[in-house]
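File shown: entry29.cif (mmCIF, C-alpha atoms and all ligand atoms).
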data_input
loop_
_atom_site.label_atom_id
_atom_site.label_comp_id
_atom_site.auth_asym_id
_atom_site.auth_seq_id
_atom_site.Cartn_x
_atom_site.Cartn_y
_atom_site.Cartn_z
CA MET A 1 -3.70 31.24 -50.09
CA THR A 2 -1.76 28.07 -49.49
CA SER A 3 -1.95 26.91 -45.90
CA GLN A 4 0.94 29.20 -44.97
CA THR A 5 1.07 32.05 -47.55
CA THR A 6 -1.60 34.72 -48.08
CA SER A 7 -2.64 36.39 -51.34
CA LYS A 8 -0.38 39.33 -50.35
CA GLY A 9 2.60 37.01 -50.13
CA HIS A 10 2.83 37.11 -46.34
CA THR A 11 3.29 33.92 -44.42
CA LEU A 12 0.88 33.31 -41.57
CA ALA A 13 3.76 33.79 -39.14
CA ASP A 14 4.51 37.28 -40.62
CA LEU A 15 0.93 38.43 -40.10
CA VAL A 16 1.33 38.64 -36.35
CA GLN A 17 4.27 40.68 -35.14
CA HIS A 18 5.00 41.64 -31.55
CA ASP A 19 3.46 45.09 -31.98
CA ARG A 20 1.00 44.77 -34.90
CA VAL A 21 -1.16 42.37 -36.85
CA HIS A 22 -2.02 42.41 -40.52
CA THR A 23 -5.47 43.62 -41.62
CA SER A 24 -6.05 40.38 -43.50
CA LEU A 25 -6.70 38.74 -40.13
CA TYR A 26 -10.05 40.56 -40.25
CA THR A 27 -10.78 40.24 -43.97
CA ASP A 28 -9.30 37.10 -45.55
CA PRO A 29 -11.88 34.28 -45.87
CA ALA A 30 -9.09 31.70 -46.25
CA ILE A 31 -7.65 32.72 -42.88
CA PHE A 32 -11.10 32.39 -41.33
CA GLU A 33 -11.43 28.86 -42.74
CA ASP A 34 -8.05 27.99 -41.27
CA GLU A 35 -9.06 29.39 -37.87
CA MET A 36 -12.03 27.06 -37.64
CA GLU A 37 -9.62 24.11 -37.76
CA LYS A 38 -6.46 25.41 -36.18
CA VAL A 39 -7.99 27.54 -33.42
CA PHE A 40 -11.53 26.44 -32.63
CA ALA A 41 -11.11 22.71 -33.31
CA ASN A 42 -7.70 22.70 -31.71
CA THR A 43 -8.04 24.12 -28.20
CA TRP A 44 -10.38 24.28 -25.20
CA VAL A 45 -13.54 26.22 -26.03
CA TRP A 46 -16.11 27.37 -23.46
CA VAL A 47 -19.58 25.87 -23.96
CA ALA A 48 -21.66 26.56 -20.83
CA HIS A 49 -21.82 27.52 -17.19
CA ALA A 50 -22.91 24.62 -14.96
CA SER A 51 -26.02 26.57 -13.87
CA GLU A 52 -27.30 26.49 -17.46
CA ILE A 53 -27.69 22.70 -17.27
CA PRO A 54 -28.72 22.28 -13.61
CA GLU A 55 -30.51 18.90 -13.66
CA ALA A 56 -30.38 15.49 -15.28
CA GLY A 57 -31.65 15.99 -18.83
CA SER A 58 -30.85 19.74 -18.95
CA TYR A 59 -29.21 20.72 -22.20
CA LYS A 60 -27.86 23.76 -24.00
CA THR A 61 -27.05 23.96 -27.70
CA GLY A 62 -24.26 26.07 -29.15
CA TYR A 63 -21.27 26.01 -31.44
CA ILE A 64 -17.58 25.30 -31.33
CA GLY A 65 -16.37 27.40 -34.22
CA ARG A 66 -19.06 26.55 -36.79
CA GLN A 67 -19.79 23.05 -35.52
CA PRO A 68 -23.11 22.69 -33.69
CA VAL A 69 -22.87 20.95 -30.29
CA VAL A 70 -25.19 20.04 -27.42
CA THR A 71 -24.01 20.25 -23.82
CA VAL A 72 -26.10 17.94 -21.65
CA ARG A 73 -26.20 16.53 -18.13
CA ASP A 74 -27.03 12.83 -17.96
CA ARG A 75 -28.86 10.91 -15.25
CA LYS A 76 -25.62 10.30 -13.35
CA GLN A 77 -24.95 14.09 -13.39
CA GLN A 78 -22.15 13.64 -15.84
CA VAL A 79 -21.78 16.42 -18.43
CA HIS A 80 -21.35 15.51 -22.09
CA VAL A 81 -20.65 17.71 -25.09
CA LEU A 82 -22.00 15.98 -28.19
CA LEU A 83 -21.82 16.94 -31.83
CA ASN A 84 -25.34 17.98 -32.81
CA ARG A 85 -25.45 15.72 -35.83
CA CYS A 86 -27.47 12.56 -36.32
CA ARG A 87 -25.35 9.58 -37.31
CA HIS A 88 -27.88 8.59 -39.99
CA ARG A 89 -27.86 11.47 -42.45
CA ALA A 90 -26.59 14.39 -40.39
CA ALA A 91 -29.70 16.29 -39.25
CA THR A 92 -29.30 18.17 -35.96
CA VAL A 93 -30.93 16.19 -33.16
CA CYS A 94 -31.68 19.18 -30.93
CA GLU A 95 -32.84 22.65 -31.98
CA GLY A 96 -33.94 24.19 -28.68
CA HIS A 97 -31.47 26.65 -27.17
CA LYS A 98 -31.87 25.41 -23.58
CA GLY A 99 -34.27 22.98 -21.98
CA LYS A 100 -34.83 19.54 -20.55
CA THR A 101 -35.25 16.24 -22.31
CA ASN A 102 -35.15 12.48 -21.75
CA SER A 103 -33.39 11.76 -25.02
CA PHE A 104 -32.54 13.24 -28.40
CA VAL A 105 -34.81 12.05 -31.18
CA CYS A 106 -33.81 13.00 -34.69
CA PRO A 107 -36.76 14.66 -36.43
CA TYR A 108 -35.88 13.29 -39.87
CA HIS A 109 -36.22 9.47 -39.55
CA GLY A 110 -36.56 9.10 -35.82
CA TRP A 111 -33.24 7.68 -34.64
CA SER A 112 -33.10 8.21 -30.91
CA TYR A 113 -30.11 8.80 -28.65
CA SER A 114 -29.76 8.71 -24.89
CA LEU A 115 -28.39 11.67 -22.91
CA ASP A 116 -24.84 10.32 -23.13
CA GLY A 117 -25.15 10.10 -26.91
CA ALA A 118 -25.63 6.31 -27.26
CA LEU A 119 -27.85 5.29 -30.19
CA ARG A 120 -30.82 3.69 -28.48
CA GLY A 121 -33.26 2.89 -31.24
CA VAL A 122 -33.98 3.20 -34.95
CA PRO A 123 -37.50 2.85 -36.38
CA SER A 124 -38.18 -0.31 -38.43
CA PRO A 125 -34.73 -1.83 -37.98
CA GLU A 126 -35.57 -4.98 -40.03
CA SER A 127 -34.54 -3.35 -43.30
CA TYR A 128 -30.97 -3.06 -42.05
CA GLY A 129 -30.66 -6.80 -41.45
CA ASP A 130 -27.36 -7.12 -39.62
CA LEU A 131 -25.83 -4.05 -41.31
CA LEU A 132 -26.37 -1.72 -38.37
CA ASP A 133 -24.72 -2.25 -35.01
CA LYS A 134 -26.09 0.55 -32.84
CA ALA A 135 -22.88 0.60 -30.78
CA ASP A 136 -21.06 1.92 -33.86
CA TYR A 137 -23.21 5.04 -34.20
CA PRO A 138 -23.37 7.12 -31.02
CA LEU A 139 -23.43 10.92 -31.24
CA VAL A 140 -19.79 11.99 -31.36
CA LYS A 141 -18.61 12.98 -27.91
CA LEU A 142 -15.96 15.62 -27.22
CA ARG A 143 -13.55 15.77 -24.32
CA VAL A 144 -15.08 17.87 -21.50
CA GLU A 145 -13.55 19.45 -18.41
CA GLU A 146 -14.85 21.99 -15.91
CA TYR A 147 -13.29 24.64 -13.69
CA ALA A 148 -15.17 26.94 -11.30
CA GLY A 149 -18.47 25.93 -12.91
CA MET A 150 -17.21 26.82 -16.38
CA ILE A 151 -17.57 23.93 -18.83
CA PHE A 152 -15.12 23.67 -21.71
CA ALA A 153 -14.85 21.11 -24.49
CA THR A 154 -12.25 20.19 -27.06
CA PHE A 155 -11.93 18.01 -30.13
CA LYS A 156 -8.39 17.14 -29.06
CA ASP A 157 -7.72 14.15 -26.86
CA ASP A 158 -4.03 14.90 -26.63
CA ILE A 159 -3.91 18.54 -25.47
CA GLU A 160 -3.11 19.69 -21.95
CA PRO A 161 -5.71 19.38 -19.16
CA LEU A 162 -8.05 22.39 -18.87
CA VAL A 163 -6.48 23.56 -15.59
CA ASP A 164 -3.09 23.79 -17.28
CA PHE A 165 -4.57 25.63 -20.26
CA LEU A 166 -6.20 28.16 -17.91
CA GLY A 167 -3.05 28.57 -15.80
CA PRO A 168 -3.00 31.91 -13.94
CA ALA A 169 -6.48 32.72 -15.32
CA LYS A 170 -7.87 30.29 -12.72
CA LYS A 171 -7.27 32.69 -9.85
CA TRP A 172 -9.21 35.41 -11.68
CA MET A 173 -12.06 32.97 -12.41
CA ASP A 174 -12.22 32.19 -8.69
CA LEU A 175 -12.38 35.92 -7.91
CA PHE A 176 -15.05 36.46 -10.55
CA MET A 177 -17.27 33.79 -9.02
CA LYS A 178 -17.37 35.74 -5.75
CA GLN A 179 -20.06 37.91 -7.26
CA GLY A 180 -22.64 35.46 -6.00
CA GLY A 181 -22.37 37.48 -2.78
CA GLY A 182 -22.37 34.23 -0.80
CA PHE A 183 -24.88 32.47 -3.09
CA PRO A 184 -24.01 30.20 -6.00
CA ILE A 185 -23.83 31.92 -9.36
CA LYS A 186 -26.59 31.36 -11.86
CA VAL A 187 -26.87 32.50 -15.45
CA GLY A 188 -30.04 34.54 -15.33
CA GLY A 189 -30.82 34.93 -19.01
CA GLU A 190 -29.05 36.12 -22.08
CA HIS A 191 -29.52 38.04 -25.26
CA ARG A 192 -27.80 37.56 -28.58
CA PHE A 193 -26.88 39.87 -31.38
CA ARG A 194 -24.63 39.90 -34.41
CA PHE A 195 -22.32 42.56 -35.73
CA PRO A 196 -20.82 42.79 -39.22
CA GLY A 197 -17.22 42.24 -38.22
CA ASN A 198 -14.56 39.65 -37.54
CA TRP A 199 -14.63 37.78 -34.21
CA LYS A 200 -11.17 38.99 -33.19
CA ILE A 201 -12.33 42.62 -33.15
CA GLN A 202 -14.62 41.66 -30.27
CA LEU A 203 -11.95 39.50 -28.65
CA GLU A 204 -9.64 42.53 -28.56
CA ASN A 205 -12.29 44.79 -27.08
CA THR A 206 -12.68 42.97 -23.76
CA THR A 207 -9.33 44.22 -22.51
CA ASP A 208 -9.40 47.57 -24.34
CA ALA A 209 -9.70 50.26 -21.67
CA TYR A 210 -8.48 52.90 -24.10
CA HIS A 211 -11.85 53.19 -25.85
CA PHE A 212 -13.93 53.49 -22.70
CA PRO A 213 -14.11 57.26 -22.06
CA LEU A 214 -14.79 58.00 -25.71
CA VAL A 215 -17.09 55.21 -26.94
CA HIS A 216 -18.93 55.08 -23.61
CA LYS A 217 -19.45 58.80 -23.21
CA SER A 218 -23.20 58.39 -23.47
CA PHE A 219 -23.10 55.69 -20.77
CA LEU A 220 -20.96 57.88 -18.53
CA SER A 221 -23.42 60.73 -18.96
CA SER A 222 -26.25 58.44 -17.76
CA VAL A 223 -24.78 57.48 -14.36
CA ASP A 224 -24.43 59.38 -11.08
CA LYS A 225 -21.32 61.46 -10.34
CA GLN A 226 -19.78 58.91 -7.96
CA THR A 227 -20.10 56.09 -10.52
CA GLU A 228 -18.72 58.33 -13.25
CA GLU A 229 -15.67 59.03 -11.09
CA MET A 230 -15.22 55.32 -10.33
CA LEU A 231 -15.24 54.61 -14.07
CA ASP A 232 -12.62 57.23 -14.80
CA PHE A 233 -9.93 54.52 -14.78
CA VAL A 234 -7.87 55.05 -17.93
CA GLU A 235 -5.23 57.09 -16.09
CA GLY A 236 -5.78 55.14 -12.87
CA PRO A 237 -3.84 52.49 -10.95
CA GLY A 238 -5.35 49.51 -12.81
CA PHE A 239 -3.39 47.29 -15.15
CA VAL A 240 -3.70 44.77 -17.92
CA GLU A 241 -1.86 41.49 -17.67
CA ASP A 242 -1.03 38.75 -20.16
CA LEU A 243 -1.81 35.46 -18.38
CA GLY A 244 -0.40 33.13 -21.02
CA ASN A 245 -2.14 30.86 -23.58
CA GLY A 246 -3.98 33.89 -25.01
CA HIS A 247 -5.74 34.79 -21.76
CA SER A 248 -5.55 38.24 -20.18
CA VAL A 249 -7.08 40.32 -17.44
CA MET A 250 -7.79 44.05 -17.37
CA VAL A 251 -8.18 45.44 -13.87
CA MET A 252 -10.14 48.67 -14.13
CA ILE A 253 -11.10 49.19 -10.49
CA PRO A 254 -8.52 47.56 -8.19
CA ASP A 255 -10.77 48.07 -5.16
CA LEU A 256 -13.33 45.72 -6.75
CA VAL A 257 -10.98 42.83 -7.55
CA ASP A 258 -11.94 40.90 -4.42
CA LEU A 259 -15.64 41.37 -3.71
CA GLU A 260 -15.30 39.76 -0.29
CA ALA A 261 -12.69 42.28 0.89
CA ASN A 262 -13.30 45.81 2.23
CA LEU A 263 -16.81 44.99 3.38
CA ASP A 264 -16.68 47.90 5.81
CA ALA A 265 -16.22 50.47 3.03
CA PRO A 266 -19.07 53.00 2.67
CA ILE A 267 -21.95 51.76 0.50
CA PRO A 268 -21.99 53.73 -2.77
CA GLU A 269 -24.88 56.12 -3.24
CA ARG A 270 -26.34 54.14 -6.14
CA PHE A 271 -26.79 51.09 -3.88
CA ALA A 272 -28.17 52.91 -0.80
CA ALA A 273 -31.82 52.09 -1.57
CA LEU A 274 -30.97 48.45 -2.34
CA ALA A 275 -29.07 48.11 0.95
CA GLU A 276 -32.04 49.55 2.83
CA GLU A 277 -34.40 47.07 1.15
CA LEU A 278 -32.11 44.12 1.94
CA ARG A 279 -31.85 45.11 5.63
CA ALA A 280 -35.43 43.88 6.10
CA ASP A 281 -34.29 40.30 5.47
CA TYR A 282 -30.55 40.08 6.06
CA PRO A 283 -28.06 41.03 8.79
CA GLU A 284 -25.78 43.98 8.07
CA ASP A 285 -22.68 41.92 7.16
CA GLN A 286 -24.65 39.95 4.59
CA VAL A 287 -26.28 43.10 3.21
CA ARG A 288 -22.82 44.54 2.61
CA ARG A 289 -21.59 41.36 0.99
CA ILE A 290 -24.56 41.21 -1.39
CA VAL A 291 -24.49 44.91 -2.25
CA ARG A 292 -20.77 44.83 -2.99
CA ALA A 293 -21.26 41.78 -5.22
CA VAL A 294 -24.22 43.25 -7.14
CA GLY A 295 -22.07 45.87 -8.86
CA GLY A 296 -19.85 43.13 -10.31
CA SER A 297 -16.11 42.61 -10.44
CA GLY A 298 -13.77 45.48 -11.23
CA PHE A 299 -12.00 43.54 -13.95
CA ASN A 300 -12.52 41.89 -17.33
CA LEU A 301 -11.03 38.44 -17.87
CA ASN A 302 -10.58 37.28 -21.43
CA ILE A 303 -10.23 33.52 -21.90
CA PHE A 304 -9.00 32.67 -25.37
CA PRO A 305 -10.69 32.13 -27.74
CA ASN A 306 -14.37 32.71 -26.95
CA ILE A 307 -15.38 33.69 -23.42
CA ALA A 308 -15.04 36.84 -21.34
CA CYS A 309 -15.93 37.28 -17.69
CA SER A 310 -16.76 40.95 -17.48
CA MET A 311 -18.18 43.00 -14.59
CA ALA A 312 -21.39 40.98 -13.93
CA PHE A 313 -21.89 38.97 -17.11
CA PHE A 314 -20.38 36.45 -19.49
CA ARG A 315 -19.69 37.51 -23.04
CA VAL A 316 -19.48 34.63 -25.48
CA LEU A 317 -18.39 35.08 -29.03
CA ARG A 318 -19.20 32.88 -31.96
CA PRO A 319 -17.53 33.32 -35.32
CA VAL A 320 -20.13 33.12 -38.10
CA SER A 321 -18.07 34.18 -41.12
CA VAL A 322 -14.96 36.26 -41.70
CA THR A 323 -17.13 39.38 -41.51
CA GLU A 324 -19.84 38.33 -39.08
CA THR A 325 -19.83 37.50 -35.36
CA GLU A 326 -22.55 36.53 -32.93
CA ILE A 327 -22.28 37.71 -29.33
CA HIS A 328 -24.15 36.28 -26.35
CA HIS A 329 -24.40 38.39 -23.23
CA ALA A 330 -25.44 36.31 -20.23
CA VAL A 331 -26.25 38.12 -17.01
CA ILE A 332 -25.10 36.51 -13.76
CA THR A 333 -27.50 36.33 -10.84
CA MET A 334 -27.38 34.97 -7.28
CA ASP A 335 -29.02 31.55 -7.12
CA GLY A 336 -31.45 31.68 -4.19
CA GLY A 337 -30.31 35.24 -3.48
CA PRO A 338 -32.54 38.23 -2.76
CA GLU A 339 -34.91 39.20 -5.50
CA ALA A 340 -34.01 42.86 -5.00
CA GLY A 341 -30.32 42.08 -5.60
CA ASN A 342 -31.02 40.11 -8.75
CA ARG A 343 -33.40 42.76 -9.98
CA ALA A 344 -30.69 45.41 -9.52
CA ARG A 345 -28.29 43.19 -11.49
CA LEU A 346 -30.71 42.86 -14.38
CA ARG A 347 -31.34 46.61 -14.52
CA MET A 348 -27.58 47.28 -14.49
CA HIS A 349 -27.07 44.73 -17.23
CA GLU A 350 -29.79 46.27 -19.39
CA HIS A 351 -28.37 49.72 -18.77
CA PHE A 352 -25.00 48.88 -20.32
CA GLN A 353 -25.20 45.60 -22.26
CA GLY A 354 -28.86 45.51 -23.24
CA PRO A 355 -30.09 46.04 -26.81
CA MET A 356 -31.37 49.47 -25.77
CA GLY A 357 -28.44 49.97 -23.38
CA PHE A 358 -25.94 52.79 -23.28
CA GLY A 359 -22.85 50.59 -23.74
CA THR A 360 -22.95 47.68 -26.15
CA PRO A 361 -24.70 49.44 -29.05
CA ASP A 362 -21.88 52.00 -29.04
CA ASP A 363 -19.25 49.26 -28.86
CA SER A 364 -20.76 47.37 -31.76
CA GLU A 365 -20.80 50.48 -33.92
CA ALA A 366 -17.07 50.87 -33.26
CA TRP A 367 -16.45 47.20 -34.17
CA GLU A 368 -18.46 47.57 -37.36
CA ARG A 369 -16.39 50.60 -38.30
CA VAL A 370 -13.16 48.69 -37.74
CA GLN A 371 -14.32 46.03 -40.21
CA LYS A 372 -15.46 48.65 -42.73
CA GLY A 373 -12.21 50.62 -42.48
CA SER A 374 -10.21 47.42 -42.89
CA ASN A 375 -11.32 47.30 -46.52
CA ALA A 376 -9.41 50.50 -47.27
CA GLY A 377 -5.90 50.02 -48.57
CA THR A 378 -4.51 46.70 -49.65
CA ASP A 379 -1.65 45.97 -47.31
CA GLN A 380 -1.96 47.67 -43.97
CA TRP A 381 -1.47 46.87 -40.33
CA ILE A 382 -3.46 47.09 -37.11
CA LEU A 383 -1.33 48.67 -34.38
CA LEU A 384 -1.09 46.90 -31.03
CA ASN A 385 1.91 48.67 -29.54
CA ARG A 386 0.24 50.77 -26.87
CA GLY A 387 1.93 50.25 -23.48
CA LEU A 388 4.66 48.07 -24.93
CA ALA A 389 7.44 50.36 -23.73
CA LYS A 390 6.40 50.01 -20.10
CA GLU A 391 5.50 46.32 -20.03
CA GLN A 392 6.93 44.48 -17.03
CA GLU A 393 7.48 40.77 -16.49
CA THR A 394 5.39 39.32 -13.65
CA ALA A 395 5.11 35.89 -12.05
CA ASP A 396 2.06 35.20 -14.25
CA GLY A 397 3.16 36.81 -17.50
CA ARG A 398 3.58 40.47 -18.34
CA ARG A 399 1.77 43.57 -17.25
CA SER A 400 1.33 47.16 -18.32
CA ASP A 401 -0.91 50.11 -17.51
CA VAL A 402 -4.66 49.59 -17.81
CA SER A 403 -5.02 51.13 -21.27
CA ALA A 404 -2.15 49.14 -22.80
CA GLU A 405 -2.78 46.68 -25.63
CA THR A 406 -1.13 43.87 -23.66
CA GLY A 407 -4.28 41.71 -23.69
CA MET A 408 -4.51 41.88 -27.48
CA ARG A 409 -0.85 41.02 -27.87
CA ALA A 410 -1.47 38.01 -25.59
CA ALA A 411 -4.38 36.82 -27.72
CA TYR A 412 -2.50 37.19 -30.99
CA ARG A 413 0.56 35.40 -29.62
CA GLN A 414 -1.67 32.39 -28.94
CA TRP A 415 -3.41 32.80 -32.31
CA LYS A 416 -0.03 32.69 -34.03
CA LYS A 417 1.06 29.66 -32.02
CA LEU A 418 -2.05 27.71 -32.97
CA MET A 419 -2.20 28.87 -36.59
CA THR A 420 1.43 28.09 -37.37
CA ALA A 421 1.85 24.90 -35.33
FE1 LIG A 501 -31.45 11.47 -38.34
FE2 LIG A 501 -32.23 10.22 -40.52
S1 LIG A 501 -31.02 12.01 -40.39
S2 LIG A 501 -32.73 9.77 -38.50
FE FE A 502 -16.81 49.04 -24.68
#

Re-express the file's structure as structure tokens.
Ligand code: FES
Ligand code: FE
Amino acid sequence: MTSQTTSKGHTLADLVQHDRVHTSLYTDPAIFEDEMEKVFANTWVWVAHASEIPEAGSYKTGYIGRQPVVTVRDRKQQVHVLLNRCRHRAATVCEGHKGKTNSFVCPYHGWSYSLDGALRGVPSPESYGDLLDKADYPLVKLRVEEYAGMIFATFKDDIEPLVDFLGPAKKWMDLFMKQGGGFPIKVGGEHRFRFPGNWKIQLENTTDAYHFPLVHKSFLSSVDKQTEEMLDFVEGPGFVEDLGNGHSVMVMIPDLVDLEANLDAPIPERFAALAEELRADYPEDQVRRIVRAVGGSGFNLNIFPNIACSMAFFRVLRPVSVTETEIHHAVITMDGGPEAGNRARLRMHEHFQGPMGFGTPDDSEAWERVQKGSNAGTDQWILLNRGLAKEQETADGRRSDVSAETGMRAAYRQWKKLMTA
């Protein structure tokens, strides 16, 4: 493949049409290589929630595309995203996933860096004579901006501010953060897994309501009748909306868009025992606010290219290779909130997203099968035309019924824009 033409003779621009994308987007290693540069190194990418680095010296490691980075809070509370690469001979300077430190000391020859990335010391400096000016070798720092506690970084100094990139997605992020039930939100732990498939298969899934009744049949059979009815949303009044710049939202349960509204509504059966337990410590209005928040938001927000805010967790995706993707599922808890509420959150999270849960293992089998099936045939297309006929323009973008493929079309429009720029 040249930079613009694939082995099948398609140009990159041809591969994404308004109602379909070419299978090679899942299978072509050259396209994957291009994505690391033109998508992941070329836009805002989510790296952490502020609660994951709460204090001076708190850090979290991760990746932007395939490049290892460390997100760290310095002594002045400023957040830095640093390339995790020693300026001597490239070893990573931090291998822990999350933790606290005073500095980053490279394990290979002992160069040490302060929390803002400055090179502080090198062992036995005499041998360098005057060849090494420490000011020339800080850890490389990326541009960082934050909205609603969500920290994003970019390699680009000249792209739009984060708030402009997020655009109408900001209002949905604000709504999502209401699930603290009056307490600040805190990432309460996460688990990671990989599936043998391309990262965009997962990206598509976050706003794919169409699969829910079928793939999640075993989950639906494991919940009470009232919850099962609530989750019967494919023919319901929800919608999916393209929010621009690749972002989209899928509203499954309109009643649960604003968790601080309708606080007088009856408490669902599944939360009756929790409400009773909370009444020992909280007044009735606060009990209702917490209980309503515990169940999570009734929508999934997809922020291109790597983070989803879904029900009561963050889903982060990390491309590993053209046929392998790592997913992080981070459960959201109430910081300083009632233990019973947070416990209920964790159990709910395990029930669907957990490794032994009734939801995610079924999803990941479907994703794996998409990748496997993509190897059949040599020149075929993935259809994304569901709901296209009824799509309406809105103030924020365009909208269709909840099971439409509008969110996927939004993501691929942005993919095409970045890949062909
Ligand atoms: Fe880091 Fe040598 S590679 S000190
Ligand atoms: Fe699913």

With a cut-off of 9 Å, could you pull out the residues of chain A touching ligand LIG 501 (chain A) and give me the nearest pair of atoms for each, distance in Å to one decimal, using all atoms listed in the file, ordered by chain and ascending number, as CSV?
residue,atom,partner,partner_atom,distance
A:Arg85,CA,A:LIG501,FE1,7.8
A:Cys86,CA,A:LIG501,FE1,4.6
A:Arg87,CA,A:LIG501,FE1,6.5
A:His88,CA,A:LIG501,S1,4.7
A:Arg89,CA,A:LIG501,S1,3.8
A:Ala90,CA,A:LIG501,S1,5.0
A:Ala91,CA,A:LIG501,S1,4.6
A:Thr92,CA,A:LIG501,FE1,7.4
A:Val93,CA,A:LIG501,FE1,7.0
A:Val105,CA,A:LIG501,FE1,7.9
A:Cys106,CA,A:LIG501,FE1,4.6
A:Pro107,CA,A:LIG501,FE1,6.5
A:Tyr108,CA,A:LIG501,FE2,4.8
A:His109,CA,A:LIG501,S2,3.7
A:Gly110,CA,A:LIG501,S2,4.7
A:Trp111,CA,A:LIG501,S2,4.4
A:Ser112,CA,A:LIG501,S2,7.8
A:Val122,CA,A:LIG501,S2,7.6
A:Pro123,CA,A:LIG501,S2,8.7

*asked:* Considering all atoms listed in the file, can you say which of A:Thr323, A:Ser374, A:Ser218, A:Asn245 comes closest to ligand FE 502 (chain A)?
replied: A:Ser218

*asked:* Show me which residues are within 9 Å of ligand FE 502 (chain A) counting only C-alpha atoms and all ligand atoms, and format the list as a ChimeraX atom specification.
replied: /A:205-206,208-209,211-212,215-216,359-360,362-364,366

Got a sec: who's within 12 Å of Gln392 in chain A, counting all atoms listed in the file, leaving out chain neighbours fewer than 4 positions off, as a PDB file with C-alpha atoms, in the frame of the given file?
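The file below, out07.pdb, is the result:
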ATOM      1  CA  PHE A 239      -3.390  47.290 -15.150  1.00  0.00           C
ATOM      2  CA  VAL A 240      -3.700  44.770 -17.920  1.00  0.00           C
ATOM      3  CA  GLU A 241      -1.860  41.490 -17.670  1.00  0.00           C
ATOM      4  CA  ASP A 242      -1.030  38.750 -20.160  1.00  0.00           C
ATOM      5  CA  GLY A 387       1.930  50.250 -23.480  1.00  0.00           C
ATOM      6  CA  LEU A 388       4.660  48.070 -24.930  1.00  0.00           C
ATOM      7  CA  ASP A 396       2.060  35.200 -14.250  1.00  0.00           C
ATOM      8  CA  GLY A 397       3.160  36.810 -17.500  1.00  0.00           C
ATOM      9  CA  ARG A 398       3.580  40.470 -18.340  1.00  0.00           C
ATOM     10  CA  ARG A 399       1.770  43.570 -17.250  1.00  0.00           C
ATOM     11  CA  SER A 400       1.330  47.160 -18.320  1.00  0.00           C
ATOM     12  CA  ASP A 401      -0.910  50.110 -17.510  1.00  0.00           C
ATOM     13  CA  ALA A 404      -2.150  49.140 -22.800  1.00  0.00           C
ATOM     14  CA  THR A 406      -1.130  43.870 -23.660  1.00  0.00           C
TER      15      THR A 406
END

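Our summary of the geometry notes that CA of Thr5 in chain A is positioned 25.6 Å from CA of Arg318 in chain A.
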
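In this structure, CA of Thr23 in chain A sits 12.8 Å away from CA of Tyr412 in chain A.
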
_Just the number, please: distance in Å from CA of Asn300 in chain A to CA of Ile332 in chain A, one decimal._
14.1 Å

Box in all listed atoms of range 198-203 of chain A, axis-aligned, with 3 Å more on each side; write out centre and edge lengths in Å to one decimal as AutoDock Vina command-line options.
--center_x -12.9 --center_y 40.2 --center_z -33.1 --size_x 9.5 --size_y 10.8 --size_z 14.9

At a cut-off of 12 Å, can you tabulate as a tab-separated table every residue of range 195-298 of chain A near range 377-383 of chain A together with its closest atom pair and the distance in Å to one decimal, using only C-alpha atoms and ordering rows by chain then number?
residue	atom	partner	partner_atom	distance
A:Lys200	CA	A:Ile382	CA	11.8
A:Ile201	CA	A:Ile382	CA	10.7
A:Glu204	CA	A:Ile382	CA	11.5

*asked:* When you look at Leu263 in chain A with a cut-off of 10 Å (counting only C-alpha atoms), what residues show up, excluding the ones that are within fewer than 4 positions of it in the same chain? I need them as a VMD selection string.
replied: chain A and resid 259 267 285 to 292

Under the rule of at most 9 Å, produce a per-residue listing of range 175-254 of chain A near range 355-358 of chain A: chain, number, name, the closest pair of atoms, and the distance in Å, as a tab-separated table, using only C-alpha atoms.
residue	atom	partner	partner_atom	distance
A:His191	CA	A:Pro355	CA	8.2
A:Arg192	CA	A:Pro355	CA	9.0
A:Phe193	CA	A:Pro355	CA	8.3
A:His216	CA	A:Phe358	CA	7.4
A:Lys217	CA	A:Phe358	CA	8.8
A:Ser218	CA	A:Phe358	CA	6.2
A:Phe219	CA	A:Phe358	CA	4.8
A:Leu220	CA	A:Phe358	CA	8.6
A:Ser222	CA	A:Phe358	CA	7.9

Residues just named, written with C-alpha atoms as a JSON list (two decimals), in the coordinates of the input:
[["chain", "number", "residue", "atom", "x", "y", "z"],
["A", 191, "HIS", "CA", -29.52, 38.04, -25.26],
["A", 192, "ARG", "CA", -27.80, 37.56, -28.58],
["A", 193, "PHE", "CA", -26.88, 39.87, -31.38],
["A", 216, "HIS", "CA", -18.93, 55.08, -23.61],
["A", 217, "LYS", "CA", -19.45, 58.80, -23.21],
["A", 218, "SER", "CA", -23.20, 58.39, -23.47],
["A", 219, "PHE", "CA", -23.10, 55.69, -20.77],
["A", 220, "LEU", "CA", -20.96, 57.88, -18.53],
["A", 222, "SER", "CA", -26.25, 58.44, -17.76]]

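Distance check against Glu55 in chain A using all atoms listed in the file: of A:Ser24, A:Thr101, A:Val187, A:Glu95, the minimum falls on A:Thr101.
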
*Do you know which residues lie at most 7 Å from (-7.5, 52.4, -19.4), with coordinates as in the file and all atoms listed in the file counted, and could you write them as a count of residues only?*
8

_Residues near Glu160 in chain A, anyone? I mean within 12 Å using all atoms listed in the file, not counting same-chain ones fewer than 2 positions away, as a list in words._
Asn42, Thr43, Trp44, Arg143, Glu145, Thr154, Lys156, Asp157, Asp158, Leu162, Val163, Asp164, Phe165, Leu166, Gly167 and Asn245 of chain A

*asked:* I'd like the contact shell of range 77-83 of chain A - 7 Å cut-off, only C-alpha atoms, skipping same-chain residues fewer than 5 positions apart - returned as a VMD selection string.
replied: chain A and resid 56 68 to 72 116 to 117 139 to 142 144 153
